[in-house]
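Chemist: Here it is, the structure in full.
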Amino acid sequence: MKRDAKRLKGAIMFVVFVSVIILMLSILTESFAQKGPLRLTTAATSVGSPPYVVVSNFAEAAKRGLPPGSSINVESAGTTANTARIGEGELDFGYLNMIDVAFAIKGKPPFTKKYEKIRMLCGIFPPGAEEYLFMVEKGTGLNSIDEIKQKRYPLTLAIPMKGSGSELLTRMVLGAYGITYDDITSWGGKVIFTSFTEQRALFKDRRVQATASIMPYPHPGYVEIFTFRKDVLFLPIDKKEVIEELKKDGIIQIVVKKGHYGFTDRDIPTIATPSILGVRADLPDEIVYSLLKGAFENIDLIQKSHSIMKNFTIEMAYKVPASFTDIVPFHPAAEKYFKEKLRH
């Protein structure tokens, strides 16, 4: 009898405990909803670009987790600018490349100080989607980046503006192979820093021999280039010591498969920088949690935003960036959300 009474008492206490927790969560949710509409700002890259479209759809989905009448304004900028603005607390969340975040937190150029108040919200593209391609015309006779140095080749190279993520990575890649921009110039070549639009036009019209950028696949600008040119090689980035050096700044190795962009004749190892949505560290927990709740309860909006997102999952959004928490941690509320949803 005593044992039965003790069990009954324990069961009652458990029910009371669970009821209190449910009540508290209900009160918190209602309290959050009663705060009224929120006005948040996010940013991607240029209007119409794949990241802009994907982030816009993410914002539309995430908004559904916020109080009625809330809005999320989507601005266009660049990953470097987005990183600094989040670090300054001027942007609630935004589209970033891991390389930008790594440099910002360390205070490495192009950043003039350390931005330590950046946190991860989630991964946003599949791993390797933001691929780095170093391409040359076949007429150069080059088959590797090593050969540029070995032959002291007078390469004409068009790359994005100084300080951009693509330019920084190109400088790092060349540096890892023992090449500087000054070396290329001293060999009779030329390095042109320009917009991607002009970079694309220069290569497409055969006014330069090479170009390099980080771009989401498939990128319409590259599709345009390869519509006009098939005499192109992607130079491999496969030296172990180079990869190990680049990993310190949030770079991963990937392989672009045979037939990439419709013309490659073999698999080619290269590198990529994971794309994430970063968030300011002081954005309140309930807002961060609700953003993710809205986004992943309406994940079909994100999956339909671009062909590359069709297989996007909550597991992908967490597990890919989770390997870079030694560079930047998740926002505590984001970590809580993913741990709850991915608990097995």
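Each chain of the structure tokens is named A, B, ... in the order shown, its residues numbered from 1; ligands are numbered from 1 in display order.
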Which neighbours of segment 109-124 of chain A fall inside 8 Å, counting only C-alpha atoms, when residues of the same chain fewer than 6 positions from it are skipped, and could you give them as number ranges by chain?
Modeler: A: 83-84, 86-89, 93, 101, 103, 163-164, 274-282, 288, 292, 316-318, 320-321, 328-331, 334
Chemist: Can you spit out the residues from that selection as a PDB file, in the first residue's frame, using C-alpha atoms?
Modeler:
ATOM      1  CA  THR A  83      29.857  40.601 -41.779  1.00  0.00           C
ATOM      2  CA  ALA A  84      31.025  43.985 -40.525  1.00  0.00           C
ATOM      3  CA  ILE A  86      26.461  42.250 -38.020  1.00  0.00           C
ATOM      4  CA  GLY A  87      29.640  42.664 -35.966  1.00  0.00           C
ATOM      5  CA  GLU A  88      28.717  46.297 -35.345  1.00  0.00           C
ATOM      6  CA  GLY A  89      25.151  45.353 -34.390  1.00  0.00           C
ATOM      7  CA  PHE A  93      21.176  38.704 -39.512  1.00  0.00           C
ATOM      8  CA  VAL A 101      33.661  35.577 -40.617  1.00  0.00           C
ATOM      9  CA  PHE A 103      38.866  37.160 -40.952  1.00  0.00           C
ATOM     10  CA  GLY A 163      39.022  43.222 -50.069  1.00  0.00           C
ATOM     11  CA  SER A 164      36.156  41.116 -51.425  1.00  0.00           C
ATOM     12  CA  PRO A 274      30.519  27.386 -46.471  1.00  0.00           C
ATOM     13  CA  SER A 275      27.711  29.925 -46.574  1.00  0.00           C
ATOM     14  CA  ILE A 276      25.846  30.747 -43.391  1.00  0.00           C
ATOM     15  CA  LEU A 277      23.322  33.148 -42.027  1.00  0.00           C
ATOM     16  CA  GLY A 278      25.135  35.057 -39.325  1.00  0.00           C
ATOM     17  CA  VAL A 279      23.303  36.853 -36.558  1.00  0.00           C
ATOM     18  CA  ARG A 280      24.274  39.573 -34.105  1.00  0.00           C
ATOM     19  CA  ALA A 281      25.180  38.089 -30.745  1.00  0.00           C
ATOM     20  CA  ASP A 282      22.766  40.306 -28.791  1.00  0.00           C
ATOM     21  CA  VAL A 288      16.412  33.900 -32.846  1.00  0.00           C
ATOM     22  CA  LEU A 292      14.398  29.339 -37.025  1.00  0.00           C
ATOM     23  CA  MET A 316      22.220  20.281 -43.361  1.00  0.00           C
ATOM     24  CA  ALA A 317      21.554  23.712 -41.867  1.00  0.00           C
ATOM     25  CA  TYR A 318      23.126  22.580 -38.600  1.00  0.00           C
ATOM     26  CA  VAL A 320      27.690  21.715 -42.048  1.00  0.00           C
ATOM     27  CA  PRO A 321      28.444  24.889 -40.062  1.00  0.00           C
ATOM     28  CA  VAL A 328      32.425  31.175 -34.672  1.00  0.00           C
ATOM     29  CA  PRO A 329      29.840  29.661 -32.285  1.00  0.00           C
ATOM     30  CA  PHE A 330      26.132  29.311 -32.849  1.00  0.00           C
ATOM     31  CA  HIS A 331      23.863  31.829 -31.163  1.00  0.00           C
ATOM     32  CA  ALA A 334      20.025  28.620 -32.411  1.00  0.00           C
TER      33      ALA A 334
END
Chemist: Given only C-alpha atoms, how would the per-residue table for segment 139-188 of chain A near segment 197-211 of chain A read, listing every residue at most 12 Å away with its closest atom pair and distance in Å to one decimal, sorted by chain and number, as JSON lines?
Modeler:
{"residue": "A:Gly139", "atom": "CA", "partner": "A:Gln209", "partner_atom": "CA", "distance": 8.4}
{"residue": "A:Thr140", "atom": "CA", "partner": "A:Gln209", "partner_atom": "CA", "distance": 7.3}
{"residue": "A:Gly141", "atom": "CA", "partner": "A:Gln209", "partner_atom": "CA", "distance": 10.8}
{"residue": "A:Leu142", "atom": "CA", "partner": "A:Ala210", "partner_atom": "CA", "distance": 10.5}
{"residue": "A:Ile145", "atom": "CA", "partner": "A:Ala210", "partner_atom": "CA", "distance": 11.3}
{"residue": "A:Ile148", "atom": "CA", "partner": "A:Ala210", "partner_atom": "CA", "distance": 11.4}
{"residue": "A:Tyr153", "atom": "CA", "partner": "A:Gln209", "partner_atom": "CA", "distance": 11.1}
{"residue": "A:Pro154", "atom": "CA", "partner": "A:Gln209", "partner_atom": "CA", "distance": 9.8}
{"residue": "A:Leu155", "atom": "CA", "partner": "A:Gln209", "partner_atom": "CA", "distance": 6.6}
{"residue": "A:Thr156", "atom": "CA", "partner": "A:Val208", "partner_atom": "CA", "distance": 5.1}
{"residue": "A:Leu157", "atom": "CA", "partner": "A:Ala210", "partner_atom": "CA", "distance": 4.7}
{"residue": "A:Ala158", "atom": "CA", "partner": "A:Thr211", "partner_atom": "CA", "distance": 4.9}
{"residue": "A:Ile159", "atom": "CA", "partner": "A:Thr211", "partner_atom": "CA", "distance": 5.7}
{"residue": "A:Pro160", "atom": "CA", "partner": "A:Gln199", "partner_atom": "CA", "distance": 7.1}
{"residue": "A:Met161", "atom": "CA", "partner": "A:Gln199", "partner_atom": "CA", "distance": 9.8}
{"residue": "A:Ser166", "atom": "CA", "partner": "A:Thr211", "partner_atom": "CA", "distance": 10.5}
{"residue": "A:Glu167", "atom": "CA", "partner": "A:Thr211", "partner_atom": "CA", "distance": 10.5}
{"residue": "A:Thr170", "atom": "CA", "partner": "A:Thr211", "partner_atom": "CA", "distance": 9.7}
Chemist: Could you check which of A:Lys240, A:Gly221, A:Met98, A:Ser71 is closest to Thr325 of chain A, using only C-alpha atoms?
Modeler: A:Met98
Chemist: Using only C-alpha atoms, pick whichever of A:Arg229, A:Lys293, A:Lys339, A:Arg85 has the shortest atom-to-atom distance to Ala43 of chain A.
Modeler: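 Answer, going by the shortest atom-to-atom distance: A:Arg85.
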Chemist: Figure out the distance between atom CA of Ala272 of chain A and atom CA of Val54 of chain A, please, to one decimal in Å.
Modeler: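 Straight-line distance from atom CA of Val54 of chain A to atom CA of Ala272 of chain A works out to 18.4 Å.
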Chemist: Which residue gives the smallest distance to Val53 of chain A among A:Lys319, A:Lys336, A:Lys304, A:Arg152, with only C-alpha atoms counted?
Modeler: A:Lys304
Chemist: For the alpha helix (DSSP H) assignment from backbone DSSP, which residues of segment 166-260 of chain A qualify? Please present them as a VMD selection string.
Modeler: chain A and resid 166 to 176 181 to 186 196 to 204 220 to 228 240 to 247
Chemist: Using DSSP on the backbone coordinates, identify the residues of segment 139-181 of chain A assigned to strand (DSSP E or B); present them as a ChimeraX atom specification.
Modeler: /A:156-159
